[in-house]
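Trainee: To be precise about what I am sending: the file is called start-v4.cif and holds mmCIF, C-alpha atoms.
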data_structure
#
loop_
_atom_site.group_PDB
_atom_site.id
_atom_site.type_symbol
_atom_site.label_atom_id
_atom_site.label_comp_id
_atom_site.auth_asym_id
_atom_site.auth_seq_id
_atom_site.Cartn_x
_atom_site.Cartn_y
_atom_site.Cartn_z
ATOM 1 C CA MET A 1 -11.951 18.269 22.348
ATOM 2 C CA ASN A 2 -11.495 21.904 23.265
ATOM 3 C CA GLN A 3 -10.929 21.704 27.023
ATOM 4 C CA PRO A 4 -7.197 21.183 27.509
ATOM 5 C CA LYS A 5 -7.447 21.765 31.267
ATOM 6 C CA LYS A 6 -9.920 18.923 31.838
ATOM 7 C CA GLN A 7 -8.295 16.418 34.197
ATOM 8 C CA LEU A 8 -8.415 12.939 32.738
ATOM 9 C CA THR A 9 -8.876 9.838 34.830
ATOM 10 C CA GLU A 10 -6.487 6.936 34.150
ATOM 11 C CA LYS A 11 -9.277 4.942 32.535
ATOM 12 C CA GLU A 12 -10.266 7.882 30.305
ATOM 13 C CA SER A 13 -6.636 8.297 29.254
ATOM 14 C CA LEU A 14 -6.319 4.674 28.176
ATOM 15 C CA ASP A 15 -9.655 4.838 26.338
ATOM 16 C CA LEU A 16 -8.570 8.014 24.549
ATOM 17 C CA ILE A 17 -5.272 6.424 23.483
ATOM 18 C CA ALA A 18 -7.067 3.332 22.127
ATOM 19 C CA LYS A 19 -9.630 5.498 20.312
ATOM 20 C CA MET A 20 -6.997 7.705 18.668
ATOM 21 C CA ILE A 21 -4.800 4.764 17.622
ATOM 22 C CA SER A 22 -7.841 3.131 16.053
ATOM 23 C CA LYS A 23 -8.760 6.411 14.288
ATOM 24 C CA ALA A 24 -5.208 6.740 12.917
ATOM 25 C CA LYS A 25 -5.256 3.174 11.628
ATOM 26 C CA ASP A 26 -8.607 3.744 9.978
ATOM 27 C CA SER A 27 -7.317 6.786 8.090
ATOM 28 C CA TYR A 28 -5.288 4.852 5.542
ATOM 29 C CA HIS A 29 -7.350 4.174 2.447
ATOM 30 C CA ASP A 30 -5.871 3.376 -0.943
ATOM 31 C CA THR A 31 -7.912 4.565 -3.913
ATOM 32 C CA GLY A 32 -7.388 1.202 -5.654
ATOM 33 C CA ILE A 33 -7.195 2.894 -9.084
ATOM 34 C CA GLY A 34 -3.667 1.633 -9.782
ATOM 35 C CA ALA A 35 -4.629 -1.940 -8.898
ATOM 36 C CA ILE A 36 -7.745 -1.760 -11.101
ATOM 37 C CA MET A 37 -5.748 -0.382 -14.025
ATOM 38 C CA TRP A 38 -2.989 -3.023 -13.841
ATOM 39 C CA GLY A 39 -5.403 -5.883 -13.188
ATOM 40 C CA ALA A 40 -7.549 -4.956 -16.179
ATOM 41 C CA LEU A 41 -4.538 -4.259 -18.407
ATOM 42 C CA ILE A 42 -2.703 -7.534 -17.745
ATOM 43 C CA ALA A 43 -5.946 -9.501 -18.108
ATOM 44 C CA ILE A 44 -6.740 -7.793 -21.450
ATOM 45 C CA CYS A 45 -3.164 -8.251 -22.747
ATOM 46 C CA SER A 46 -3.206 -11.967 -21.881
ATOM 47 C CA ILE A 47 -6.630 -12.535 -23.466
ATOM 48 C CA VAL A 48 -5.664 -10.633 -26.643
ATOM 49 C CA LYS A 49 -2.438 -12.672 -26.874
ATOM 50 C CA LEU A 50 -4.464 -15.849 -26.381
ATOM 51 C CA SER A 51 -6.860 -14.849 -29.168
ATOM 52 C CA GLU A 52 -3.888 -14.086 -31.460
ATOM 53 C CA ILE A 53 -2.583 -17.626 -30.928
ATOM 54 C CA HIS A 54 -6.003 -19.301 -31.072
ATOM 55 C CA PHE A 55 -7.360 -17.500 -34.152
ATOM 56 C CA GLY A 56 -3.990 -17.258 -35.911
ATOM 57 C CA TYR A 57 -3.830 -13.512 -36.465
ATOM 58 C CA GLN A 58 -1.251 -10.992 -35.371
ATOM 59 C CA LEU A 59 -1.623 -7.401 -34.244
ATOM 60 C CA PRO A 60 0.787 -4.895 -35.847
ATOM 61 C CA PHE A 61 2.376 -4.410 -32.407
ATOM 62 C CA ASP A 62 3.043 -6.548 -29.348
ATOM 63 C CA ILE A 63 0.033 -6.068 -27.049
ATOM 64 C CA TYR A 64 2.292 -6.265 -23.979
ATOM 65 C CA LEU A 65 3.847 -2.942 -25.039
ATOM 66 C CA LEU A 66 0.747 -1.387 -23.436
ATOM 67 C CA THR A 67 2.226 -2.275 -20.051
ATOM 68 C CA PHE A 68 5.158 0.077 -20.705
ATOM 69 C CA ILE A 69 2.753 2.866 -21.719
ATOM 70 C CA ALA A 70 0.684 2.257 -18.565
ATOM 71 C CA VAL A 71 3.682 3.277 -16.441
ATOM 72 C CA ILE A 72 2.933 6.920 -17.395
ATOM 73 C CA PRO A 73 -0.611 7.080 -15.898
ATOM 74 C CA GLN A 74 0.689 5.067 -12.934
ATOM 75 C CA ILE A 75 3.222 7.816 -12.177
ATOM 76 C CA PHE A 76 0.426 10.429 -12.261
ATOM 77 C CA ILE A 77 -1.832 8.264 -10.059
ATOM 78 C CA THR A 78 0.977 7.820 -7.500
ATOM 79 C CA ILE A 79 1.798 11.558 -7.428
ATOM 80 C CA ARG A 80 -1.881 12.509 -7.036
ATOM 81 C CA GLU A 81 -2.465 9.945 -4.278
ATOM 82 C CA LYS A 82 0.607 11.147 -2.374
ATOM 83 C CA LYS A 83 -0.520 14.776 -2.672
ATOM 84 C CA GLU A 84 -3.995 13.970 -1.375
ATOM 85 C CA ARG A 85 -2.714 11.971 1.576
ATOM 86 C CA LYS A 86 -2.684 13.923 4.839
ATOM 87 C CA VAL A 87 -0.922 11.206 6.756
ATOM 88 C CA LYS A 88 2.053 8.981 6.032
ATOM 89 C CA SER A 89 2.055 5.523 7.586
ATOM 90 C CA PHE A 90 5.177 3.530 8.420
ATOM 91 C CA ASP A 91 4.222 0.982 5.737
ATOM 92 C CA ASP A 92 4.015 3.570 2.937
ATOM 93 C CA SER A 93 7.726 3.837 2.173
ATOM 94 C CA TYR A 94 8.263 0.046 2.371
ATOM 95 C CA MET A 95 5.356 -0.536 0.001
ATOM 96 C CA ASP A 96 6.720 2.010 -2.471
ATOM 97 C CA TYR A 97 10.085 0.219 -2.526
ATOM 98 C CA ILE A 98 8.482 -3.222 -2.843
ATOM 99 C CA TRP A 99 6.430 -2.196 -5.897
ATOM 100 C CA LEU A 100 9.330 -0.273 -7.423
ATOM 101 C CA GLY A 101 11.511 -3.358 -6.961
ATOM 102 C CA PHE A 102 8.783 -5.464 -8.543
ATOM 103 C CA GLY A 103 8.695 -3.140 -11.574
ATOM 104 C CA ILE A 104 12.480 -3.410 -11.951
ATOM 105 C CA CYS A 105 12.333 -7.230 -11.644
ATOM 106 C CA ILE A 106 9.631 -7.431 -14.337
ATOM 107 C CA PHE A 107 11.709 -5.236 -16.651
ATOM 108 C CA LEU A 108 14.824 -7.370 -16.061
ATOM 109 C CA LEU A 109 12.826 -10.567 -16.579
ATOM 110 C CA ILE A 110 11.623 -9.255 -19.957
ATOM 111 C CA VAL A 111 15.241 -8.476 -20.926
ATOM 112 C CA ILE A 112 16.391 -11.975 -19.832
ATOM 113 C CA ILE A 113 13.523 -13.731 -21.644
ATOM 114 C CA ASN A 114 14.174 -11.790 -24.850
ATOM 115 C CA SER A 115 17.894 -12.648 -24.635
ATOM 116 C CA VAL A 116 17.111 -16.364 -24.177
ATOM 117 C CA PHE A 117 14.658 -16.285 -27.111
ATOM 118 C CA HIS A 118 17.291 -14.583 -29.234
ATOM 119 C CA VAL A 119 19.722 -17.461 -28.577
ATOM 120 C CA TRP A 120 17.135 -20.259 -28.507
ATOM 121 C CA GLU A 121 15.177 -19.477 -31.689
ATOM 122 C CA PRO A 122 17.956 -20.341 -34.225
ATOM 123 C CA VAL A 123 18.618 -23.595 -32.330
ATOM 124 C CA ALA A 124 14.913 -24.527 -32.407
ATOM 125 C CA MET A 125 14.673 -23.712 -36.111
ATOM 126 C CA GLU A 126 17.728 -25.799 -36.914
ATOM 127 C CA TYR A 127 16.237 -28.696 -34.946
ATOM 128 C CA ARG A 128 13.031 -28.403 -36.982
ATOM 129 C CA GLN A 129 14.927 -28.322 -40.269
ATOM 130 C CA LEU A 130 16.992 -31.376 -39.340
ATOM 131 C CA THR A 131 14.267 -33.535 -37.783
ATOM 132 C CA GLY A 132 11.085 -32.157 -39.320
ATOM 133 C CA HIS A 133 9.550 -31.934 -35.827
ATOM 134 C CA ARG A 134 9.086 -29.138 -33.340
ATOM 135 C CA SER A 135 11.655 -29.085 -30.586
ATOM 136 C CA PRO A 136 10.332 -30.981 -27.530
ATOM 137 C CA PHE A 137 11.506 -28.064 -25.390
ATOM 138 C CA GLN A 138 9.468 -24.903 -25.919
ATOM 139 C CA PHE A 139 10.881 -22.037 -23.893
ATOM 140 C CA SER A 140 7.690 -19.988 -24.396
ATOM 141 C CA GLU A 141 5.819 -22.562 -22.260
ATOM 142 C CA PHE A 142 7.857 -21.458 -19.224
ATOM 143 C CA VAL A 143 7.514 -17.704 -19.634
ATOM 144 C CA SER A 144 4.140 -17.312 -17.918
ATOM 145 C CA PRO A 145 5.144 -19.216 -14.731
ATOM 146 C CA LEU A 146 8.104 -16.857 -14.322
ATOM 147 C CA PHE A 147 5.835 -13.803 -14.522
ATOM 148 C CA LEU A 148 3.242 -15.372 -12.223
ATOM 149 C CA LEU A 149 5.986 -16.115 -9.703
ATOM 150 C CA LEU A 150 6.853 -12.404 -9.597
ATOM 151 C CA TYR A 151 3.225 -11.200 -9.634
ATOM 152 C CA GLY A 152 2.555 -13.148 -6.442
ATOM 153 C CA LEU A 153 5.356 -11.676 -4.324
ATOM 154 C CA PRO A 154 4.483 -7.942 -3.947
ATOM 155 C CA THR A 155 0.772 -8.779 -3.971
ATOM 156 C CA PHE A 156 1.171 -11.247 -1.095
ATOM 157 C CA ILE A 157 3.403 -8.849 0.903
ATOM 158 C CA THR A 158 1.003 -5.911 0.373
ATOM 159 C CA GLY A 159 -1.989 -8.026 1.364
ATOM 160 C CA ALA A 160 -0.229 -9.264 4.507
ATOM 161 C CA ALA A 161 1.240 -5.881 5.527
ATOM 162 C CA CYS A 162 -1.993 -3.934 4.954
ATOM 163 C CA LYS A 163 -4.103 -6.763 6.422
ATOM 164 C CA PHE A 164 -6.097 -6.775 3.191
ATOM 165 C CA LYS A 165 -7.115 -10.391 2.674
ATOM 166 C CA PRO A 166 -8.334 -10.198 -0.973
ATOM 167 C CA MET A 167 -4.807 -9.173 -2.002
ATOM 168 C CA LEU A 168 -3.162 -11.767 0.228
ATOM 169 C CA TRP A 169 -5.274 -14.503 -1.366
ATOM 170 C CA GLY A 170 -4.636 -12.938 -4.784
ATOM 171 C CA GLY A 171 -0.894 -13.364 -4.219
ATOM 172 C CA ILE A 172 -1.378 -17.012 -3.232
ATOM 173 C CA PHE A 173 -3.600 -17.510 -6.296
ATOM 174 C CA CYS A 174 -0.759 -16.216 -8.529
ATOM 175 C CA TRP A 175 1.597 -18.843 -7.073
ATOM 176 C CA ILE A 176 -0.964 -21.635 -7.517
ATOM 177 C CA CYS A 177 -1.367 -20.552 -11.155
ATOM 178 C CA CYS A 178 2.438 -20.410 -11.442
ATOM 179 C CA ILE A 179 2.694 -24.100 -10.491
ATOM 180 C CA ALA A 180 -0.212 -25.038 -12.777
ATOM 181 C CA ALA A 181 1.247 -23.083 -15.708
ATOM 182 C CA ILE A 182 4.433 -25.184 -15.634
ATOM 183 C CA PHE A 183 2.377 -28.193 -16.778
ATOM 184 C CA THR A 184 -0.105 -26.538 -19.130
ATOM 185 C CA SER A 185 0.003 -25.335 -22.736
ATOM 186 C CA ILE A 186 0.743 -21.717 -23.602
ATOM 187 C CA LYS A 187 -2.979 -21.001 -24.200
ATOM 188 C CA ILE A 188 -3.903 -22.175 -20.711
ATOM 189 C CA ASP A 189 -0.880 -20.281 -19.333
ATOM 190 C CA LEU A 190 -2.315 -17.063 -20.778
ATOM 191 C CA LEU A 191 -5.735 -17.822 -19.304
ATOM 192 C CA LEU A 192 -4.114 -18.439 -15.915
ATOM 193 C CA THR A 193 -2.233 -15.123 -16.218
ATOM 194 C CA ALA A 194 -5.484 -13.278 -16.973
ATOM 195 C CA ALA A 195 -7.206 -15.009 -14.039
ATOM 196 C CA SER A 196 -4.298 -14.129 -11.742
ATOM 197 C CA ALA A 197 -4.407 -10.456 -12.759
ATOM 198 C CA ILE A 198 -8.147 -10.384 -12.060
ATOM 199 C CA MET A 199 -7.831 -12.146 -8.697
ATOM 200 C CA ALA A 200 -4.670 -10.377 -7.500
ATOM 201 C CA TRP A 201 -5.322 -6.794 -8.639
ATOM 202 C CA LEU A 202 -8.626 -6.141 -10.396
ATOM 203 C CA ILE A 203 -10.995 -7.543 -7.739
ATOM 204 C CA PRO A 204 -8.964 -6.261 -4.730
ATOM 205 C CA GLY A 205 -8.680 -2.908 -6.543
ATOM 206 C CA ILE A 206 -12.459 -2.673 -6.984
ATOM 207 C CA LEU A 207 -12.961 -3.556 -3.299
ATOM 208 C CA MET A 208 -10.377 -0.929 -2.271
ATOM 209 C CA GLU A 209 -12.038 1.678 -4.446
ATOM 210 C CA ARG A 210 -15.429 0.906 -2.875
ATOM 211 C CA GLU A 211 -13.962 1.204 0.623
ATOM 212 C CA TYR A 212 -12.269 4.458 -0.335
ATOM 213 C CA ARG A 213 -15.508 5.935 -1.695
ATOM 214 C CA ALA A 214 -17.410 4.870 1.426
ATOM 215 C CA TYR A 215 -14.700 6.459 3.605
ATOM 216 C CA LYS A 216 -14.849 9.714 1.589
ATOM 217 C CA LYS A 217 -18.649 9.746 1.841
ATOM 218 C CA GLN A 218 -18.448 9.195 5.591
ATOM 219 C CA GLN A 219 -15.898 12.004 5.907
ATOM 220 C CA ALA A 220 -18.049 14.357 3.812
ATOM 221 C CA ALA A 221 -21.063 13.543 5.993
ATOM 222 C CA GLY A 222 -18.987 14.274 9.102
ATOM 223 C CA ASP A 223 -17.931 17.676 7.730
ATOM 224 C CA VAL A 224 -21.521 18.849 7.251
ATOM 225 C CA MET B 225 4.946 2.734 44.149
ATOM 226 C CA PHE B 226 2.987 4.861 41.671
ATOM 227 C CA LYS B 227 4.878 7.369 39.559
ATOM 228 C CA ASP B 228 3.403 10.750 38.661
ATOM 229 C CA LEU B 229 1.881 10.898 35.214
ATOM 230 C CA ASP B 230 3.720 13.148 32.759
ATOM 231 C CA PRO B 231 1.824 16.498 32.960
ATOM 232 C CA ILE B 232 2.657 17.274 29.332
ATOM 233 C CA LEU B 233 0.849 14.145 28.173
ATOM 234 C CA HIS B 234 -1.844 14.035 30.845
ATOM 235 C CA SER B 235 -4.071 16.471 28.978
ATOM 236 C CA GLN B 236 -6.906 15.395 26.724
ATOM 237 C CA LEU B 237 -5.887 17.100 23.490
ATOM 238 C CA ARG B 238 -2.122 16.632 23.827
ATOM 239 C CA LEU B 239 -2.614 12.944 24.630
ATOM 240 C CA ALA B 240 -4.908 12.593 21.612
ATOM 241 C CA VAL B 241 -2.291 14.206 19.353
ATOM 242 C CA ILE B 242 0.535 12.004 20.650
ATOM 243 C CA SER B 243 -1.640 8.870 20.346
ATOM 244 C CA LEU B 244 -2.356 9.726 16.713
ATOM 245 C CA LEU B 245 1.296 10.483 15.948
ATOM 246 C CA ILE B 246 2.564 7.279 17.598
ATOM 247 C CA SER B 247 0.569 5.269 15.038
ATOM 248 C CA VAL B 248 1.824 7.040 11.895
ATOM 249 C CA LYS B 249 5.111 8.206 10.428
ATOM 250 C CA GLU B 250 3.949 11.811 10.074
ATOM 251 C CA ALA B 251 0.680 13.681 9.823
ATOM 252 C CA GLU B 252 -0.570 17.032 8.576
ATOM 253 C CA PHE B 253 -2.078 19.559 10.976
ATOM 254 C CA THR B 254 -5.431 19.237 9.171
ATOM 255 C CA PHE B 255 -5.431 15.479 9.800
ATOM 256 C CA LEU B 256 -4.866 16.012 13.532
ATOM 257 C CA ARG B 257 -7.620 18.635 13.634
ATOM 258 C CA GLU B 258 -10.007 16.326 11.777
ATOM 259 C CA LYS B 259 -9.376 13.376 14.096
ATOM 260 C CA THR B 260 -9.392 15.306 17.387
ATOM 261 C CA ASN B 261 -12.276 17.644 16.458
ATOM 262 C CA ALA B 262 -10.317 20.483 18.082
ATOM 263 C CA THR B 263 -10.299 24.095 16.954
ATOM 264 C CA ALA B 264 -7.260 25.212 14.949
ATOM 265 C CA GLY B 265 -6.245 27.723 17.634
ATOM 266 C CA ASN B 266 -6.421 25.276 20.520
ATOM 267 C CA LEU B 267 -4.647 22.567 18.549
ATOM 268 C CA SER B 268 -1.855 25.001 17.588
ATOM 269 C CA VAL B 269 -1.253 25.877 21.248
ATOM 270 C CA GLN B 270 -1.120 22.216 22.320
ATOM 271 C CA ILE B 271 1.151 21.283 19.425
ATOM 272 C CA GLN B 272 3.483 24.121 20.417
ATOM 273 C CA LYS B 273 3.616 22.745 23.993
ATOM 274 C CA LEU B 274 4.466 19.264 22.717
ATOM 275 C CA LYS B 275 7.122 20.756 20.464
ATOM 276 C CA GLU B 276 8.658 22.763 23.323
ATOM 277 C CA ALA B 277 8.834 19.548 25.394
ATOM 278 C CA GLY B 278 10.720 17.939 22.500
ATOM 279 C CA TYR B 279 8.020 15.283 22.027
ATOM 280 C CA ILE B 280 7.206 16.193 18.426
ATOM 281 C CA ASP B 281 8.881 17.816 15.450
ATOM 282 C CA VAL B 282 6.915 20.393 13.499
ATOM 283 C CA VAL B 283 7.811 21.271 9.914
ATOM 284 C CA LYS B 284 6.134 24.198 8.229
ATOM 285 C CA GLN B 285 6.258 24.260 4.442
ATOM 286 C CA PHE B 286 4.242 25.197 1.373
ATOM 287 C CA LYS B 287 2.198 22.739 -0.699
ATOM 288 C CA ASP B 288 0.570 24.073 -3.881
ATOM 289 C CA ASN B 289 1.041 27.642 -2.583
ATOM 290 C CA TYR B 290 -0.763 26.839 0.678
ATOM 291 C CA PRO B 291 0.982 26.615 4.062
ATOM 292 C CA GLN B 292 1.281 23.073 5.348
ATOM 293 C CA THR B 293 2.260 21.958 8.851
ATOM 294 C CA ILE B 294 3.595 18.444 9.300
ATOM 295 C CA CYS B 295 3.963 16.864 12.737
ATOM 296 C CA LYS B 296 6.091 13.881 13.627
ATOM 297 C CA ILE B 297 6.758 12.211 16.977
ATOM 298 C CA THR B 298 10.381 12.283 18.174
ATOM 299 C CA PRO B 299 12.267 9.418 19.897
ATOM 300 C CA LEU B 300 11.894 11.382 23.161
ATOM 301 C CA GLY B 301 8.145 11.589 22.508
ATOM 302 C CA ILE B 302 7.964 7.829 21.937
ATOM 303 C CA THR B 303 9.829 7.153 25.201
ATOM 304 C CA ALA B 304 7.590 9.594 27.109
ATOM 305 C CA PHE B 305 4.453 8.005 25.640
ATOM 306 C CA GLU B 306 5.626 4.492 26.511
ATOM 307 C CA GLU B 307 6.460 5.593 30.049
ATOM 308 C CA TYR B 308 3.059 7.299 30.354
ATOM 309 C CA VAL B 309 1.200 4.156 29.231
ATOM 310 C CA LYS B 310 3.272 2.018 31.613
ATOM 311 C CA ASN B 311 2.406 4.301 34.520
ATOM 312 C CA LEU B 312 -1.265 4.311 33.541
ATOM 313 C CA GLN B 313 -1.262 0.521 33.509
ATOM 314 C CA SER B 314 0.337 0.382 36.935
ATOM 315 C CA TYR B 315 -2.355 2.732 38.270
ATOM 316 C CA LEU B 316 -5.059 0.557 36.803
ATOM 317 C CA GLY B 317 -3.302 -2.671 37.733
ATOM 318 C CA THR B 318 -3.423 -3.942 34.147
ATOM 319 C CA ASN B 319 0.365 -4.353 33.852
ATOM 320 C CA THR B 320 1.233 -8.032 33.550
#
For this file, produce the structure as structure tokens.
Mentor:
Amino acid sequence: MNQPKKQLTEKESLDLIAKMISKAKDSYHDTGIGAIMWGALIAICSIVKLSEIHFGYQLPFDIYLLTFIAVIPQIFITIREKKERKVKSFDDSYMDYIWLGFGICIFLLIVIINSVFHVWEPVAMEYRQLTGHRSPFQFSEFVSPLFLLLYGLPTFITGAACKFKPMLWGGIFCWICCIAAIFTSIKIDLLLTAASAIMAWLIPGILMEREYRAYKKQQAAGDV
Amino acid sequence: MFKDLDPILHSQLRLAVISLLISVKEAEFTFLREKTNATAGNLSVQIQKLKEAGYIDVVKQFKDNYPQTICKITPLGITAFEEYVKNLQSYLGTNT
């Protein structure tokens, strides 16, 4: 495209516009590393928690603390991805705010749940002492649906906005699991959480990473 | 009645640049060069013409000690592009 003086016909102009718009749209490729990391991490945390309950042992620390530690590599991943990106799409800034908002909501939900447990636990213990039975209301049974509710939202929006169906369906899957988890035991809730993390982030992340590698390969081949 | 096509946009490389910039928020010079397959010198000249017409904003900065040029379409550029496409459609009779 080195002849600026070449006179374009109207048809050629329209074709060029369509070609360039399509090229620009095709240039956005997420590495998928963040999604893979979070999908694997949440799935592992849920399965470890499930095994703690099932086999009656306890780790010296809460396994979910790993999610706080994972924020550090996530920051590095985000910075590196932004540095590598030669183009900024209109969706980029919205997506950043959506996922940041999601992170804040998850943090606040953890604070709220811990506060409720703090108040509820003495009441449940007193009930047990007085009646000799477990309280019919177990707050822990409703924790997973609350998380699944939140997991679904940014995943669904990202999938819809980026026209990436695996993530869109992943978001819907989280909400289906959210409804199911209301009626199931805590062990099944944890299994549903692990399944949601795999469906919403791990699998879409792997697909994104594959697409990204193929795109890079194609670009490298074009440079030769 | 057909209107004249904007001479600033009715050039292969400048039209390619504007079409790329209309689809994104902002893009680096290297991205535009990659997508248009133009030489750096030619692309620089055409970008300068678009900038002089007020159709794009060009920001020159440093990234990791290397110069970086970022281009972004302006509201005037968007209007000019829309007008250009409308005129093209009227020429081709595709306007509904």
Trainee: Which residues of chain B come within 8 Å of chain A, and for each one, what is the closest pair of atoms and their distance in Å to one decimal, counting only C-alpha atoms, sorted by chain and residue number, as a Markdown table?
Mentor:
| residue | atom | partner | partner_atom | distance |
| --- | --- | --- | --- | --- |
| B:His234 | CA | A:Leu8 | CA | 6.9 |
| B:Ser235 | CA | A:Pro4 | CA | 5.8 |
| B:Gln236 | CA | A:Pro4 | CA | 5.8 |
| B:Leu237 | CA | A:Pro4 | CA | 5.9 |
| B:Arg238 | CA | A:Pro4 | CA | 7.7 |
| B:Leu239 | CA | A:Ile17 | CA | 7.1 |
| B:Ala240 | CA | A:Met20 | CA | 6.1 |
| B:Ser243 | CA | A:Ile17 | CA | 5.4 |
| B:Leu244 | CA | A:Met20 | CA | 5.4 |
| B:Ile246 | CA | A:Ile21 | CA | 7.8 |
| B:Ser247 | CA | A:Ile21 | CA | 6.0 |
| B:Val248 | CA | A:Ser89 | CA | 4.6 |
| B:Lys249 | CA | A:Ser89 | CA | 5.0 |
| B:Glu250 | CA | A:Lys88 | CA | 5.3 |
| B:Ala251 | CA | A:Val87 | CA | 4.3 |
| B:Glu252 | CA | A:Lys86 | CA | 5.3 |
| B:Thr254 | CA | A:Lys86 | CA | 7.4 |
| B:Phe255 | CA | A:Lys86 | CA | 5.9 |
| B:Lys259 | CA | A:Lys23 | CA | 7.0 |
| B:Thr260 | CA | A:Met1 | CA | 6.3 |
| B:Asn261 | CA | A:Met1 | CA | 5.9 |
| B:Ala262 | CA | A:Met1 | CA | 5.1 |
| B:Thr263 | CA | A:Asn2 | CA | 6.8 |
| B:Asn266 | CA | A:Asn2 | CA | 6.7 |
| B:Val309 | CA | A:Leu14 | CA | 7.6 |
| B:Leu312 | CA | A:Glu10 | CA | 5.9 |
| B:Tyr315 | CA | A:Glu10 | CA | 7.2 |
| B:Leu316 | CA | A:Glu10 | CA | 7.1 |
Trainee: Could you check the closest approach to A:Ile104 for each of A:Phe183, A:Phe61, A:Trp169, A:Phe68 and tell me which residue wins, using only C-alpha atoms?
Mentor: A:Phe68
Trainee: Report, in Å to a single decimal, how far apart atom CA of A:Asp62 and atom CA of A:Ile112 are.
Mentor: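 Taking atom CA of A:Ile112 as the start and atom CA of A:Asp62 as the end point, the length is 17.3 Å.
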Trainee: If you apply the PyMOL selection byres ((chain A and resi 138) around 12) to this file, what residues do you get, as a PyMOL selection string?
Mentor: chain A and resi 116-117+120-121+123-125+127+134-137+139-143+182+184-186
Trainee: Keeping only C-alpha atoms, write the selected residues as a compact mmCIF listing (two decimals), in the frame of the given file.
Mentor:
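Generated output (selection_27.txt):
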# COMPACT_ATOMS: atom_id res chain seq x y z
CA VAL A 116 17.11 -16.36 -24.18
CA PHE A 117 14.66 -16.28 -27.11
CA TRP A 120 17.14 -20.26 -28.51
CA GLU A 121 15.18 -19.48 -31.69
CA VAL A 123 18.62 -23.60 -32.33
CA ALA A 124 14.91 -24.53 -32.41
CA MET A 125 14.67 -23.71 -36.11
CA TYR A 127 16.24 -28.70 -34.95
CA ARG A 134 9.09 -29.14 -33.34
CA SER A 135 11.66 -29.08 -30.59
CA PRO A 136 10.33 -30.98 -27.53
CA PHE A 137 11.51 -28.06 -25.39
CA PHE A 139 10.88 -22.04 -23.89
CA SER A 140 7.69 -19.99 -24.40
CA GLU A 141 5.82 -22.56 -22.26
CA PHE A 142 7.86 -21.46 -19.22
CA VAL A 143 7.51 -17.70 -19.63
CA ILE A 182 4.43 -25.18 -15.63
CA THR A 184 -0.10 -26.54 -19.13
CA SER A 185 0.00 -25.34 -22.74
CA ILE A 186 0.74 -21.72 -23.60
Trainee: Tell me which residues the PyMOL selection byres ((chain A and resi 40-49) around 8) grabs here, as a list of chain:residue names.
Mentor: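 So the PyMOL selection byres ((chain A and resi 40-49) around 8), applied here, picks out A:Ile36, A:Met37, A:Trp38, A:Gly39, A:Leu50, A:Ser51, A:Glu52, A:Ile53, A:Ile63, A:Tyr64, A:Leu66, A:Thr67, A:Leu190, A:Leu191, A:Thr193, A:Ala194, A:Ala195, A:Ala197, A:Ile198, A:Leu202.
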Trainee: Tell me, as a PyMOL selection string, which residues lie within 10 Å of B:Val283, counting only C-alpha atoms; anything in the same chain fewer than 6 positions away does not count.
Mentor: chain B and resi 252+292-296
Trainee: Deliver the residues from the most recent selection as a file, using C-alpha atoms, as a PDB file, keeping the file's coordinate frame.
Mentor:
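The new file out.pdb reads:
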ATOM      1  CA  GLU B 252      -0.570  17.032   8.576  1.00  0.00           C
ATOM      2  CA  GLN B 292       1.281  23.073   5.348  1.00  0.00           C
ATOM      3  CA  THR B 293       2.260  21.958   8.851  1.00  0.00           C
ATOM      4  CA  ILE B 294       3.595  18.444   9.300  1.00  0.00           C
ATOM      5  CA  CYS B 295       3.963  16.864  12.737  1.00  0.00           C
ATOM      6  CA  LYS B 296       6.091  13.881  13.627  1.00  0.00           C
TER       7      LYS B 296
END
Trainee: Between atom CA of A:Ala70 and atom CA of A:Gly34, what distance in Å does the model show, to one decimal?
Mentor: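 A separation of 9.8 Å between them.
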Trainee: Atom CA of B:Leu229 and atom CA of B:Tyr308, how far apart in Å?
Mentor: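 Straight-line distance from atom CA of B:Tyr308 to atom CA of B:Leu229 works out to 6.2 Å.
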Trainee: At a cut-off of 9 Å, using all atoms listed in the file, what residues contact A:His29? Leave out same-chain residues fewer than 5 positions from it and give the result as an MDAnalysis selection string.
Mentor: chainID A and resid 208:209 211:212 215
Trainee: Could you check which of B:Asp288, B:Glu258, B:Asp230, B:Glu276 is closest to B:Glu307, using all atoms listed in the file?
Mentor: B:Asp230
Trainee: Between B:Ile280, B:Gln270, B:Lys287, B:Gly265, which one has atoms that come closest to B:Leu300, using all atoms listed in the file?
Mentor: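 Of all the options, B:Ile280 lies closest to B:Leu300.
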Trainee: Give me, as JSON, numbers by chain, all polymer residues having an atom no more than 8 Å from B:Tyr279, counting all atoms listed in the file and skipping those fewer than 4 positions away in the same chain.
Mentor: {"B": [274, 275, 297, 298, 299, 300, 301, 302, 304]}
